[in-house]
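K.L.:
This is the content of structure.txt (compact mmCIF, C-alpha atoms and all ligand atoms):
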```txt
# COMPACT_ATOMS: atom_id res chain seq x y z
CA MET A 1 173.51 48.06 80.30
CA LYS A 2 173.16 47.55 76.57
CA VAL A 3 169.76 48.34 75.04
CA ALA A 4 168.02 48.63 71.67
CA ILE A 5 166.25 51.95 71.92
CA CYS A 6 163.65 53.92 69.96
CA GLU A 7 164.31 57.64 70.16
CA LYS A 8 161.87 58.81 67.50
CA LEU A 9 158.72 57.07 66.27
CA GLY A 10 159.10 55.60 62.79
CA GLU A 11 162.91 55.55 62.95
CA LYS A 12 165.25 52.61 63.33
CA LEU A 13 166.23 51.42 66.80
CA THR A 14 169.81 52.08 67.88
CA ILE A 15 172.05 50.05 70.15
CA LYS A 16 173.25 52.09 73.13
CA GLU A 17 174.73 51.87 76.59
CA LEU A 18 172.48 53.27 79.34
CA PRO A 19 173.06 53.38 83.11
CA THR A 20 171.64 50.25 84.74
CA PRO A 21 168.48 51.33 86.62
CA LYS A 22 168.47 51.63 90.41
CA VAL A 23 166.33 49.08 92.20
CA GLY A 24 163.46 50.62 94.21
CA ASP A 25 162.09 49.02 97.38
CA ASN A 26 159.39 47.07 95.49
CA ASP A 27 161.39 46.28 92.34
CA CYS A 28 163.64 43.56 91.06
CA LEU A 29 166.40 43.80 88.48
CA VAL A 30 166.46 41.07 85.85
CA LYS A 31 169.56 40.11 83.84
CA ILE A 32 167.82 39.41 80.55
CA LYS A 33 168.74 36.17 78.77
CA ALA A 34 166.11 36.09 76.02
CA SER A 35 163.42 38.40 74.71
CA GLY A 36 160.66 37.60 72.23
CA VAL A 37 159.78 40.04 69.45
CA CYS A 38 156.04 40.76 69.35
CA HIS A 39 154.22 42.64 66.59
CA THR A 40 153.11 45.04 69.34
CA ASP A 41 156.74 46.22 69.60
CA LEU A 42 156.63 47.12 65.91
CA HIS A 43 153.31 48.98 66.36
CA ALA A 44 154.90 50.78 69.35
CA VAL A 45 158.00 52.08 67.58
CA THR A 46 155.99 52.98 64.47
CA GLY A 47 153.49 54.97 66.56
CA ASP A 48 150.52 53.07 65.09
CA TRP A 49 148.03 53.59 67.92
CA PRO A 50 146.07 56.52 69.39
CA ILE A 51 148.03 56.33 72.66
CA LYS A 52 151.76 56.78 71.91
CA PRO A 53 154.56 55.10 73.86
CA VAL A 54 156.80 57.03 76.25
CA LEU A 55 160.05 57.97 74.44
CA PRO A 56 162.92 57.24 74.43
CA LEU A 57 161.73 53.64 74.68
CA VAL A 58 163.38 50.28 75.13
CA PRO A 59 160.69 47.98 73.69
CA GLY A 60 160.02 44.36 74.64
CA HIS A 61 157.48 42.60 76.86
CA GLU A 62 158.64 39.00 76.50
CA GLY A 63 161.93 39.52 78.36
CA VAL A 64 163.04 36.64 80.57
CA GLY A 65 166.12 36.13 82.69
CA GLU A 66 167.64 35.86 86.12
CA VAL A 67 166.89 38.07 89.11
CA ILE A 68 170.16 39.73 90.16
CA GLU A 69 168.87 42.21 92.77
CA VAL A 70 165.67 42.71 94.77
CA GLY A 71 164.32 45.75 96.66
CA LYS A 72 164.11 45.74 100.43
CA ASN A 73 160.33 45.04 100.53
CA VAL A 74 160.60 41.99 98.26
CA ASP A 75 160.58 38.80 100.31
CA PHE A 76 158.91 36.51 97.74
CA LEU A 77 161.69 36.57 95.10
CA LYS A 78 165.39 36.00 95.49
CA VAL A 79 168.56 36.50 93.52
CA GLY A 80 168.91 33.62 91.06
CA ASP A 81 165.17 33.16 90.43
CA ARG A 82 164.23 32.71 86.75
CA VAL A 83 161.44 35.12 85.80
CA GLY A 84 159.81 36.95 82.91
CA VAL A 85 158.64 40.55 82.69
CA PRO A 86 155.27 40.64 80.89
CA TRP A 87 153.34 43.48 79.20
CA LEU A 88 151.51 44.22 82.47
CA TYR A 89 154.43 45.93 84.22
CA SER A 90 152.21 46.89 87.15
CA ALA A 91 148.64 47.76 88.10
CA CYS A 92 147.18 49.70 91.03
CA GLY A 93 145.86 46.67 92.93
CA ARG A 94 142.93 48.73 94.30
CA CYS A 95 140.57 49.71 91.48
CA GLU A 96 137.37 47.80 90.67
CA TRP A 97 139.14 45.89 87.89
CA CYS A 98 142.20 44.91 89.94
CA VAL A 99 140.03 43.84 92.85
CA GLY A 100 137.66 42.02 90.47
CA GLY A 101 140.46 39.93 88.93
CA ARG A 102 140.77 41.91 85.70
CA GLU A 103 144.05 43.69 86.40
CA THR A 104 145.02 43.91 82.72
CA ILE A 105 142.41 46.66 82.22
CA CYS A 106 143.43 48.66 85.30
CA PRO A 107 143.31 52.35 84.25
CA PHE A 108 146.52 52.95 86.22
CA ALA A 109 148.45 50.04 84.63
CA GLN A 110 151.97 50.52 83.32
CA TYR A 111 153.14 48.53 80.30
CA SER A 112 156.58 47.00 79.73
CA GLY A 113 158.13 48.20 76.51
CA TYR A 114 155.48 50.94 76.14
CA THR A 115 155.22 53.19 79.19
CA LYS A 116 158.24 51.55 80.90
CA ASN A 117 161.50 50.31 79.41
CA GLY A 118 161.28 46.65 78.46
CA GLY A 119 163.26 43.57 77.56
CA TYR A 120 165.31 44.57 74.48
CA ALA A 121 168.24 45.01 76.84
CA THR A 122 170.79 43.21 78.93
CA HIS A 123 168.96 44.37 82.10
CA CYS A 124 165.36 45.17 82.88
CA LEU A 125 163.83 46.71 85.97
CA ALA A 126 160.47 45.26 87.00
CA ASP A 127 157.81 45.62 89.66
CA ALA A 128 158.54 42.43 91.60
CA LYS A 129 154.83 41.71 92.22
CA TYR A 130 154.12 41.46 88.48
CA VAL A 131 156.94 39.22 87.25
CA CYS A 132 156.23 35.53 86.91
CA LYS A 133 158.53 32.60 87.65
CA ILE A 134 159.49 30.28 84.82
CA PRO A 135 158.91 26.53 85.33
CA GLU A 136 162.20 24.68 85.82
CA ASN A 137 162.03 22.54 82.70
CA LEU A 138 161.49 25.45 80.27
CA SER A 139 164.50 27.10 78.69
CA TYR A 140 164.61 30.89 78.59
CA GLU A 141 164.10 30.88 74.80
CA ALA A 142 161.10 28.54 75.01
CA ALA A 143 159.55 30.50 77.88
CA ALA A 144 159.87 34.01 76.39
CA PRO A 145 157.03 33.76 73.81
CA ILE A 146 154.62 32.50 76.47
CA PHE A 147 154.94 35.82 78.34
CA CYS A 148 152.89 37.60 75.68
CA ALA A 149 151.93 35.45 72.69
CA GLY A 150 151.09 32.46 74.89
CA VAL A 151 149.20 34.11 77.72
CA THR A 152 147.33 36.47 75.39
CA THR A 153 145.91 33.73 73.20
CA TYR A 154 145.22 31.37 76.11
CA LYS A 155 143.23 34.13 77.86
CA ALA A 156 141.41 35.07 74.63
CA LEU A 157 140.38 31.44 74.13
CA LYS A 158 138.95 31.43 77.65
CA GLN A 159 137.03 34.62 76.80
CA THR A 160 135.31 32.84 73.88
CA LYS A 161 133.83 30.33 76.37
CA VAL A 162 134.11 27.59 73.74
CA ILE A 163 133.79 24.22 75.46
CA PRO A 164 135.70 21.03 74.56
CA GLY A 165 134.39 19.71 71.26
CA GLY A 166 133.35 23.19 70.09
CA TRP A 167 134.68 24.92 67.01
CA VAL A 168 137.07 27.84 67.31
CA GLY A 169 138.58 29.87 64.47
CA ILE A 170 142.07 31.28 64.82
CA PHE A 171 142.52 34.18 62.40
CA GLY A 172 146.22 34.98 61.83
CA ILE A 173 148.78 32.24 62.49
CA GLY A 174 151.78 34.37 63.43
CA GLY A 175 153.61 34.60 66.75
CA LEU A 176 150.32 34.67 68.64
CA GLY A 177 148.20 32.51 66.36
CA HIS A 178 150.53 29.51 66.20
CA LEU A 179 150.35 29.27 69.99
CA ALA A 180 146.56 29.87 69.96
CA VAL A 181 146.13 26.77 67.80
CA GLN A 182 148.08 24.66 70.29
CA TYR A 183 146.23 26.00 73.35
CA ALA A 184 142.87 25.47 71.63
CA ILE A 185 143.73 21.86 70.84
CA ALA A 186 145.05 21.27 74.36
CA MET A 187 141.75 22.71 75.66
CA GLY A 188 139.81 20.17 73.57
CA MET A 189 138.52 22.51 70.87
CA LYS A 190 138.26 21.77 67.17
CA VAL A 191 140.21 24.35 65.21
CA VAL A 192 139.81 26.23 61.94
CA VAL A 193 142.80 28.36 60.92
CA ILE A 194 142.83 31.33 58.60
CA ASP A 195 145.93 33.10 57.27
CA ILE A 196 147.08 34.52 53.94
CA ASP A 197 150.33 32.55 53.94
CA ASP A 198 150.25 28.81 53.17
CA LYS A 199 153.43 28.20 55.22
CA LYS A 200 151.65 29.38 58.37
CA LEU A 201 148.64 27.18 57.56
CA ALA A 202 150.96 24.19 57.16
CA LEU A 203 152.37 24.82 60.63
CA ALA A 204 148.84 24.89 62.08
CA LYS A 205 148.05 21.61 60.33
CA LYS A 206 151.03 20.04 62.07
CA TYR A 207 149.47 20.99 65.43
CA GLY A 208 146.16 19.35 64.49
CA ALA A 209 143.97 22.09 62.97
CA SER A 210 141.04 20.46 61.13
CA LEU A 211 140.23 23.08 58.51
CA LEU A 212 142.74 25.41 56.81
CA ILE A 213 141.67 28.49 54.86
CA ASN A 214 143.81 30.90 52.89
CA GLY A 215 141.85 34.12 53.42
CA ALA A 216 143.49 35.84 50.43
CA LYS A 217 142.35 33.15 48.00
CA GLU A 218 139.21 31.58 49.49
CA PRO A 219 135.82 32.91 50.73
CA THR A 220 136.44 32.39 54.45
CA SER A 221 133.01 32.77 56.03
CA GLU A 222 131.22 30.89 53.25
CA ILE A 223 133.49 27.88 53.70
CA ILE A 224 133.17 27.93 57.49
CA ASN A 225 129.39 28.30 57.48
CA LYS A 226 128.92 25.64 54.82
CA LYS A 227 131.35 23.03 56.17
CA ILE A 228 130.81 23.26 59.93
CA GLY A 229 127.76 25.48 60.45
CA GLY A 230 129.78 28.40 61.82
CA LEU A 231 132.17 28.90 64.71
CA ASN A 232 131.34 28.80 68.41
CA GLY A 233 134.20 31.20 68.97
CA ALA A 234 136.97 33.08 67.20
CA VAL A 235 140.28 34.58 68.24
CA VAL A 236 141.44 37.20 65.78
CA THR A 237 145.16 37.92 65.94
CA ALA A 238 145.67 39.07 62.35
CA VAL A 239 147.10 42.51 61.68
CA ALA A 240 144.48 43.50 59.09
CA LYS A 241 140.85 44.58 59.08
CA LYS A 242 139.39 41.97 56.72
CA PRO A 243 139.88 38.91 58.96
CA PHE A 244 137.91 40.69 61.73
CA LEU A 245 134.92 40.96 59.40
CA ASP A 246 135.47 37.40 58.16
CA ALA A 247 135.44 36.23 61.78
CA PHE A 248 132.23 38.13 62.52
CA ASN A 249 130.56 36.59 59.47
CA SER A 250 131.69 33.10 60.53
CA ILE A 251 130.33 33.13 64.09
CA ARG A 252 127.27 30.99 64.67
CA ASN A 253 124.32 32.19 66.78
CA GLY A 254 125.31 32.99 70.35
CA GLY A 255 129.04 32.67 69.64
CA THR A 256 131.86 34.96 70.73
CA MET A 257 134.65 36.62 68.83
CA ALA A 258 137.67 37.80 70.82
CA CYS A 259 139.53 40.67 69.14
CA VAL A 260 143.25 40.49 69.89
CA GLY A 261 145.15 41.83 66.86
CA LEU A 262 145.60 45.59 66.79
CA PRO A 263 145.67 46.89 63.21
CA PRO A 264 145.22 50.68 63.37
CA GLU A 265 141.82 50.59 61.63
CA ASN A 266 138.16 50.51 62.59
CA MET A 267 135.85 47.54 62.32
CA GLU A 268 132.31 48.04 61.07
CA VAL A 269 129.90 45.32 62.10
CA PRO A 270 126.26 44.98 61.07
CA ILE A 271 123.95 45.79 63.98
CA PHE A 272 121.20 43.57 62.59
CA ASP A 273 123.25 40.35 62.62
CA THR A 274 124.79 41.18 65.99
CA VAL A 275 121.31 41.48 67.50
CA LEU A 276 119.50 38.69 65.70
CA LYS A 277 122.29 36.16 66.25
CA GLU A 278 123.22 37.48 69.70
CA ILE A 279 126.88 37.61 68.69
CA ASN A 280 129.32 38.62 71.40
CA ILE A 281 132.27 40.78 70.39
CA THR A 282 134.91 41.20 73.06
CA GLY A 283 138.32 42.77 73.26
CA SER A 284 141.00 40.70 74.98
CA LEU A 285 144.14 42.28 76.38
CA VAL A 286 147.04 40.00 77.38
CA GLY A 287 146.26 38.06 80.61
CA THR A 288 146.44 38.33 84.37
CA ARG A 289 149.27 36.91 86.46
CA LEU A 290 147.11 33.83 87.06
CA ASP A 291 146.45 33.41 83.31
CA LEU A 292 150.21 33.66 82.80
CA GLN A 293 150.98 30.95 85.35
CA GLU A 294 148.40 28.69 83.72
CA ALA A 295 149.74 29.44 80.24
CA LEU A 296 153.28 28.59 81.39
CA ASP A 297 152.02 25.33 82.93
CA PHE A 298 150.69 24.20 79.52
CA ALA A 299 154.20 24.77 78.14
CA ALA A 300 155.87 23.05 81.09
CA ILE A 301 153.86 19.85 80.55
CA GLY A 302 154.61 19.89 76.83
CA LYS A 303 151.09 20.70 75.57
CA VAL A 304 152.27 23.85 73.78
CA ALA A 305 155.68 24.81 72.44
CA ALA A 306 156.55 27.99 70.62
CA GLU A 307 158.18 27.58 67.22
CA PHE A 308 161.09 30.01 67.44
CA SER A 309 164.37 31.01 65.90
CA THR A 310 166.98 33.08 67.71
CA ALA A 311 168.71 36.31 66.73
CA LYS A 312 170.87 39.02 68.29
CA LEU A 313 169.75 42.35 69.78
CA GLU A 314 171.67 44.05 66.96
CA ASP A 315 169.40 42.31 64.39
CA ILE A 316 166.22 44.03 65.61
CA ASN A 317 165.70 46.39 62.65
CA GLU A 318 165.96 43.54 60.13
CA ILE A 319 163.55 41.50 62.25
CA PHE A 320 161.02 44.36 62.14
CA ASP A 321 161.42 44.55 58.34
CA LYS A 322 160.68 40.83 58.08
CA MET A 323 157.71 41.18 60.42
CA LYS A 324 156.26 43.99 58.31
CA ALA A 325 156.57 41.77 55.25
CA GLY A 326 154.84 38.87 57.06
CA GLU A 327 157.93 36.69 56.61
CA ILE A 328 158.28 35.34 60.16
CA THR A 329 156.98 31.89 60.98
CA GLY A 330 156.42 31.47 64.74
CA ARG A 331 158.40 33.83 66.95
CA ILE A 332 161.87 35.36 66.81
CA VAL A 333 163.57 35.38 70.20
CA LEU A 334 166.54 37.64 70.85
CA LYS A 335 169.28 35.80 72.73
CA ILE A 336 170.93 38.30 75.02
CA ASP A 337 174.18 37.90 76.92
P1 LIG B 401 152.75 38.37 63.58
O1 LIG B 401 153.24 39.37 62.64
O2 LIG B 401 153.67 37.34 64.14
O3 LIG B 401 151.49 37.58 62.98
C1 LIG B 401 150.45 38.19 62.27
C2 LIG B 401 149.82 37.11 61.39
O4 LIG B 401 148.66 37.67 60.73
C3 LIG B 401 150.74 36.60 60.28
O5 LIG B 401 150.77 35.19 60.28
C4 LIG B 401 150.10 37.14 59.01
O6 LIG B 401 150.33 36.28 57.89
C5 LIG B 401 148.63 37.17 59.42
N1 LIG B 401 147.82 38.03 58.57
C6 LIG B 401 148.13 39.24 58.06
N2 LIG B 401 147.11 39.69 57.29
C7 LIG B 401 146.15 38.75 57.34
C8 LIG B 401 144.87 38.63 56.74
N3 LIG B 401 144.38 39.57 55.92
N4 LIG B 401 144.13 37.50 57.00
C9 LIG B 401 144.62 36.54 57.81
N5 LIG B 401 145.83 36.61 58.40
C10 LIG B 401 146.59 37.69 58.15
O7 LIG B 401 152.11 39.22 64.81
P2 LIG B 401 151.85 38.76 66.34
O8 LIG B 401 153.06 39.05 67.15
O9 LIG B 401 151.22 37.44 66.33
O10 LIG B 401 150.77 39.88 66.77
C11 LIG B 401 149.52 39.92 66.11
C12 LIG B 401 148.71 41.14 66.55
O11 LIG B 401 148.27 40.96 67.90
C13 LIG B 401 149.45 42.48 66.53
O12 LIG B 401 148.55 43.49 66.06
C14 LIG B 401 149.79 42.71 67.97
O13 LIG B 401 149.95 44.07 68.31
C15 LIG B 401 148.55 42.15 68.64
N6 LIG B 401 148.74 41.76 70.03
C16 LIG B 401 147.69 41.97 70.86
C17 LIG B 401 147.77 41.56 72.17
C18 LIG B 401 146.60 41.76 73.08
O14 LIG B 401 146.78 41.64 74.29
N7 LIG B 401 145.42 42.02 72.57
C19 LIG B 401 148.94 40.97 72.66
C20 LIG B 401 149.99 40.75 71.77
C21 LIG B 401 149.88 41.14 70.44
ZN ZN B 402 153.03 41.11 72.75
ZN ZN B 403 143.85 48.83 89.21
```
Just give me the structure of the file as structure tokens.
Ligand code: NAD
Ligand code: ZN
Ligand code: ZN
P.N.:
Amino acid sequence: MKVAICEKLGEKLTIKELPTPKVGDNDCLVKIKASGVCHTDLHAVTGDWPIKPVLPLVPGHEGVGEVIEVGKNVDFLKVGDRVGVPWLYSACGRCEWCVGGRETICPFAQYSGYTKNGGYATHCLADAKYVCKIPENLSYEAAAPIFCAGVTTYKALKQTKVIPGGWVGIFGIGGLGHLAVQYAIAMGMKVVVIDIDDKKLALAKKYGASLLINGAKEPTSEIINKKIGGLNGAVVTAVAKKPFLDAFNSIRNGGTMACVGLPPENMEVPIFDTVLKEINITGSLVGTRLDLQEALDFAAIGKVAAEFSTAKLEDINEIFDKMKAGEITGRIVLKID
């Protein structure tokens, strides 16, 4: 199989041939057709986070394609099924979090494109229980971004507990954020968007965002507090520290901010305001298999659609350069054949 592989953190990926993995009894082998490029993949190969990925690494956790082989215990998937392999490669299924419906925070979880080889490849091995089928009317390219960017923001919006008619702020309108805006609107929320790039704000306006703020030029929390009395909820996907503080300062009493973006920095929040306003700060990590099915259903009925352009596996290093420079609008999806 052909892969784009990271052999040393901080170095460019190389294109290589590797032996196609053997299918274990509980696995399936997916012939990858498309694979979205998430900013997490860039953090992974740069070594940005305290826990480092397993090297050598084939990144990618938005890989989608066709099942071409299944293990002998797999009776719920068949050759020819169209599936995606999400970030949650597998979980233990037995711990208090798995049993309680929060499998994404299972301490024994494996991650596609981080602890296991992922979708930047012509073939990808997966734990059959954790892949998700793609609705018939979604193309591979349209489905790929839902497997991380879509499900992650949909789940984070649910975590904010904002009800229809409530105000939510989406901080960072990149691959994740542009889908967050669409989910929020489909869920009946009123949306404020914050980015440092006017092109990304314009995209959010097209989806129906009511208030657009360029966080590099305008005083974000002052505008939000003055114009709408603060946010009921916020989803912060930006890859910088400042928007996290802006979000905190924009939350109204009793509201919730869901932290999703993963800049390698710390966030200092004032204890006084947290207590007096009873502000909830929660982390939100991707979504469960059920969240993923629901997120795909929104796409299947046309309520959300990723804005994407396609590229080749061989283009990955240039794509990462563009991502670092903040030059990507929507998602780039690798078309793999
Ligand atoms: P992206 O590069 O496509 O988008 C990032 C966006 O943030 C861009 O639009 C950029 O203009 C904007 N931005 C940068 N600095 C900003 C600032 N100061 N204020 C406002 N906006 C700013 O990245 P992505 O693929 O959408 O991923 C975003 C982040 O989410 C990454 O850190 C990624 O690792 C993380 N992530 C987390 C999860 C999770 O489960 N929690 C899942 C996927 C991705
Ligand atoms: Zn991702
Ligand atoms: Zn578990």
K.L.:
Hey, which of A:Gly233, A:Pro219, A:Gly172, A:Gly165 ends up closest to ligand LIG 401 (chain B)? Count all atoms listed in the file.
P.N.:
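Among A:Gly233, A:Pro219, A:Gly172, A:Gly165, it is A:Gly172 that comes nearest to ligand LIG 401 (chain B).
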K.L.:
Have a look at A:Gly60, A:Gly119, A:Gly93, A:Gly113 and name the one nearest to ligand ZN 403 (chain B); count only C-alpha atoms and all ligand atoms.
P.N.:
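Looking at the shortest contact to ligand ZN 403 (chain B), the residue is A:Gly93.
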K.L.:
Could you tell me, counting all atoms listed in the file, which protein and nucleic acid residues lie no more than 12 Å from ligand ZN 402 (chain B), written as a VMD selection string?
P.N.:
chain A and resid 35 to 44 59 to 63 85 to 88 111 to 114 118 to 119 144 to 153 174 to 177 237 260 to 262 285 to 287 331
K.L.:
Find the residues near Phe171 of chain A: any atom within 7 Å, counting only C-alpha atoms, skip ones fewer than 5 places away on the same chain, and give them as a VMD selection string.
P.N.:
chain A and resid 193 to 195 235 to 238 243
K.L.:
Neighbours of ligand ZN 403 (chain B) within 10 Å, counting only C-alpha atoms and all ligand atoms, as a list in words?
P.N.:
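Written in the requested form, the residues are Ser90, Ala91, Cys92, Gly93, Arg94, Cys95, Glu96, Trp97, Cys98, Val99, Gly100, Gly101, Arg102, Glu103, Thr104, Ile105, Cys106, Pro107, Phe108 and Ala109 of chain A.
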K.L.:
Now that the selection is made, can you save its residues with C-alpha atoms as a tab-separated table (two decimals), in the frame of the given file?
P.N.:
```tsv
chain	number	residue	atom	x	y	z
A	90	SER	CA	152.21	46.89	87.15
A	91	ALA	CA	148.64	47.76	88.10
A	92	CYS	CA	147.18	49.70	91.03
A	93	GLY	CA	145.86	46.67	92.93
A	94	ARG	CA	142.93	48.73	94.30
A	95	CYS	CA	140.57	49.71	91.48
A	96	GLU	CA	137.37	47.80	90.67
A	97	TRP	CA	139.14	45.89	87.89
A	98	CYS	CA	142.20	44.91	89.94
A	99	VAL	CA	140.03	43.84	92.85
A	100	GLY	CA	137.66	42.02	90.47
A	101	GLY	CA	140.46	39.93	88.93
A	102	ARG	CA	140.77	41.91	85.70
A	103	GLU	CA	144.05	43.69	86.40
A	104	THR	CA	145.02	43.91	82.72
A	105	ILE	CA	142.41	46.66	82.22
A	106	CYS	CA	143.43	48.66	85.30
A	107	PRO	CA	143.31	52.35	84.25
A	108	PHE	CA	146.52	52.95	86.22
A	109	ALA	CA	148.45	50.04	84.63
```
K.L.:
When distances are computed from all atoms listed in the file, which of A:Ile223, A:Asn26, A:Val304, A:Val79 shows the smallest separation from Gly208 of chain A?
P.N.:
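Using all atoms listed in the file, Gly208 of chain A sits closest to A:Val304.
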K.L.:
Suppose you want the space between atom CA of Pro50 of chain A and atom CA of Thr160 of chain A; what is it in Å?
P.N.:
26.4 Å
K.L.:
What is the distance between atom C3 of ligand LIG 401 (chain B) and atom CA of Gly215 of chain A, in Å to one decimal?
P.N.:
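It comes out at 11.5 Å.
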K.L.:
Could you tell me how far atom CA of Lys200 of chain A sits from atom O5 of ligand LIG 401 (chain B), in Å to one decimal place?
P.N.:
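According to the coordinates, atom O5 of ligand LIG 401 (chain B) and atom CA of Lys200 of chain A are separated by 6.2 Å.
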K.L.:
Counting all atoms listed in the file, which of A:Lys226, A:Lys303, A:Lys322, A:Lys206 gets nearest to ligand LIG 401 (chain B)?
P.N.:
A:Lys322
K.L.:
Which residue, A:Tyr89, A:Phe244, A:Tyr130, A:Tyr140, has the smallest gap to ligand LIG 401 (chain B) when you use all atoms listed in the file?
P.N.:
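With all atoms listed in the file as the atom set, the closest residue is A:Phe244.
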K.L.:
If you count all atoms listed in the file, which residues fall within 12 Å of Glu222 of chain A, apart from same-chain ones fewer than 3 positions away, as a PyMOL selection string?
P.N.:
chain A and resi 213+215+218-219+225-231+246-251
K.L.:
Looking at A:Ile279, A:Ile15, A:Lys52, A:Gly65, which one is nearest to Glu141 of chain A, with distances taken over all atoms listed in the file?
P.N.:
A:Gly65
K.L.:
Specify the axis-aligned box that encloses all atoms of ligand LIG 401 (chain B) listed in the file after padding of 3 Å on each side, stating its centre and edge lengths in Å to one decimal as AutoDock Vina command-line options.
P.N.:
```
--center_x 148.9 --center_y 39.6 --center_z 65.1 --size_x 15.5 --size_y 14.9 --size_z 24.4
```
K.L.:
At the level of N, CA and C atoms, write segment 126-142 of chain A to a file as a PDB file, in the first residue's frame, please.
P.N.:
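Saved result, selection_20.pdb, follows:
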```
ATOM      1  N   ALA A 126      -8.777  -1.169  10.367  1.00  0.00           N
ATOM      2  CA  ALA A 126      -9.619  -0.548  11.396  1.00  0.00           C
ATOM      3  C   ALA A 126     -10.220  -1.623  12.279  1.00  0.00           C
ATOM      4  N   ASP A 127     -10.555  -1.238  13.516  1.00  0.00           N
ATOM      5  CA  ASP A 127     -11.350  -2.106  14.373  1.00  0.00           C
ATOM      6  C   ASP A 127     -12.783  -1.991  13.854  1.00  0.00           C
ATOM      7  N   ALA A 128     -13.326  -3.119  13.374  1.00  0.00           N
ATOM      8  CA  ALA A 128     -14.615  -3.062  12.668  1.00  0.00           C
ATOM      9  C   ALA A 128     -15.728  -2.451  13.515  1.00  0.00           C
ATOM     10  N   LYS A 129     -15.652  -2.623  14.850  1.00  0.00           N
ATOM     11  CA  LYS A 129     -16.734  -2.107  15.716  1.00  0.00           C
ATOM     12  C   LYS A 129     -16.750  -0.585  15.770  1.00  0.00           C
ATOM     13  N   TYR A 130     -15.653   0.057  15.377  1.00  0.00           N
ATOM     14  CA  TYR A 130     -15.571   1.521  15.544  1.00  0.00           C
ATOM     15  C   TYR A 130     -15.617   2.298  14.221  1.00  0.00           C
ATOM     16  N   VAL A 131     -15.774   1.611  13.099  1.00  0.00           N
ATOM     17  CA  VAL A 131     -15.965   2.352  11.848  1.00  0.00           C
ATOM     18  C   VAL A 131     -17.450   2.725  11.764  1.00  0.00           C
ATOM     19  N   CYS A 132     -17.754   3.655  10.893  1.00  0.00           N
ATOM     20  CA  CYS A 132     -19.154   4.066  10.765  1.00  0.00           C
ATOM     21  C   CYS A 132     -19.529   4.084   9.291  1.00  0.00           C
ATOM     22  N   LYS A 133     -20.718   3.584   8.980  1.00  0.00           N
ATOM     23  CA  LYS A 133     -21.152   3.536   7.578  1.00  0.00           C
ATOM     24  C   LYS A 133     -21.516   4.928   7.082  1.00  0.00           C
ATOM     25  N   ILE A 134     -21.278   5.147   5.805  1.00  0.00           N
ATOM     26  CA  ILE A 134     -21.557   6.449   5.181  1.00  0.00           C
ATOM     27  C   ILE A 134     -22.933   6.389   4.518  1.00  0.00           C
ATOM     28  N   PRO A 135     -23.795   7.375   4.784  1.00  0.00           N
ATOM     29  CA  PRO A 135     -25.111   7.381   4.114  1.00  0.00           C
ATOM     30  C   PRO A 135     -24.936   7.357   2.582  1.00  0.00           C
ATOM     31  N   GLU A 136     -25.879   6.659   1.933  1.00  0.00           N
ATOM     32  CA  GLU A 136     -25.763   6.395   0.494  1.00  0.00           C
ATOM     33  C   GLU A 136     -25.577   7.640  -0.364  1.00  0.00           C
ATOM     34  N   ASN A 137     -26.281   8.731   0.018  1.00  0.00           N
ATOM     35  CA  ASN A 137     -26.265   9.894  -0.875  1.00  0.00           C
ATOM     36  C   ASN A 137     -25.085  10.833  -0.634  1.00  0.00           C
ATOM     37  N   LEU A 138     -24.145  10.450   0.223  1.00  0.00           N
ATOM     38  CA  LEU A 138     -22.974  11.309   0.453  1.00  0.00           C
ATOM     39  C   LEU A 138     -21.776  10.746  -0.304  1.00  0.00           C
ATOM     40  N   SER A 139     -21.100  11.612  -1.055  1.00  0.00           N
ATOM     41  CA  SER A 139     -19.888  11.144  -1.740  1.00  0.00           C
ATOM     42  C   SER A 139     -18.793  10.939  -0.705  1.00  0.00           C
ATOM     43  N   TYR A 140     -17.763  10.196  -1.093  1.00  0.00           N
ATOM     44  CA  TYR A 140     -16.645   9.995  -0.166  1.00  0.00           C
ATOM     45  C   TYR A 140     -16.029  11.340   0.249  1.00  0.00           C
ATOM     46  N   GLU A 141     -15.842  12.238  -0.718  1.00  0.00           N
ATOM     47  CA  GLU A 141     -15.187  13.527  -0.416  1.00  0.00           C
ATOM     48  C   GLU A 141     -16.036  14.365   0.540  1.00  0.00           C
ATOM     49  N   ALA A 142     -17.355  14.313   0.342  1.00  0.00           N
ATOM     50  CA  ALA A 142     -18.243  15.110   1.211  1.00  0.00           C
ATOM     51  C   ALA A 142     -18.338  14.495   2.602  1.00  0.00           C
TER      52      ALA A 142
END
```
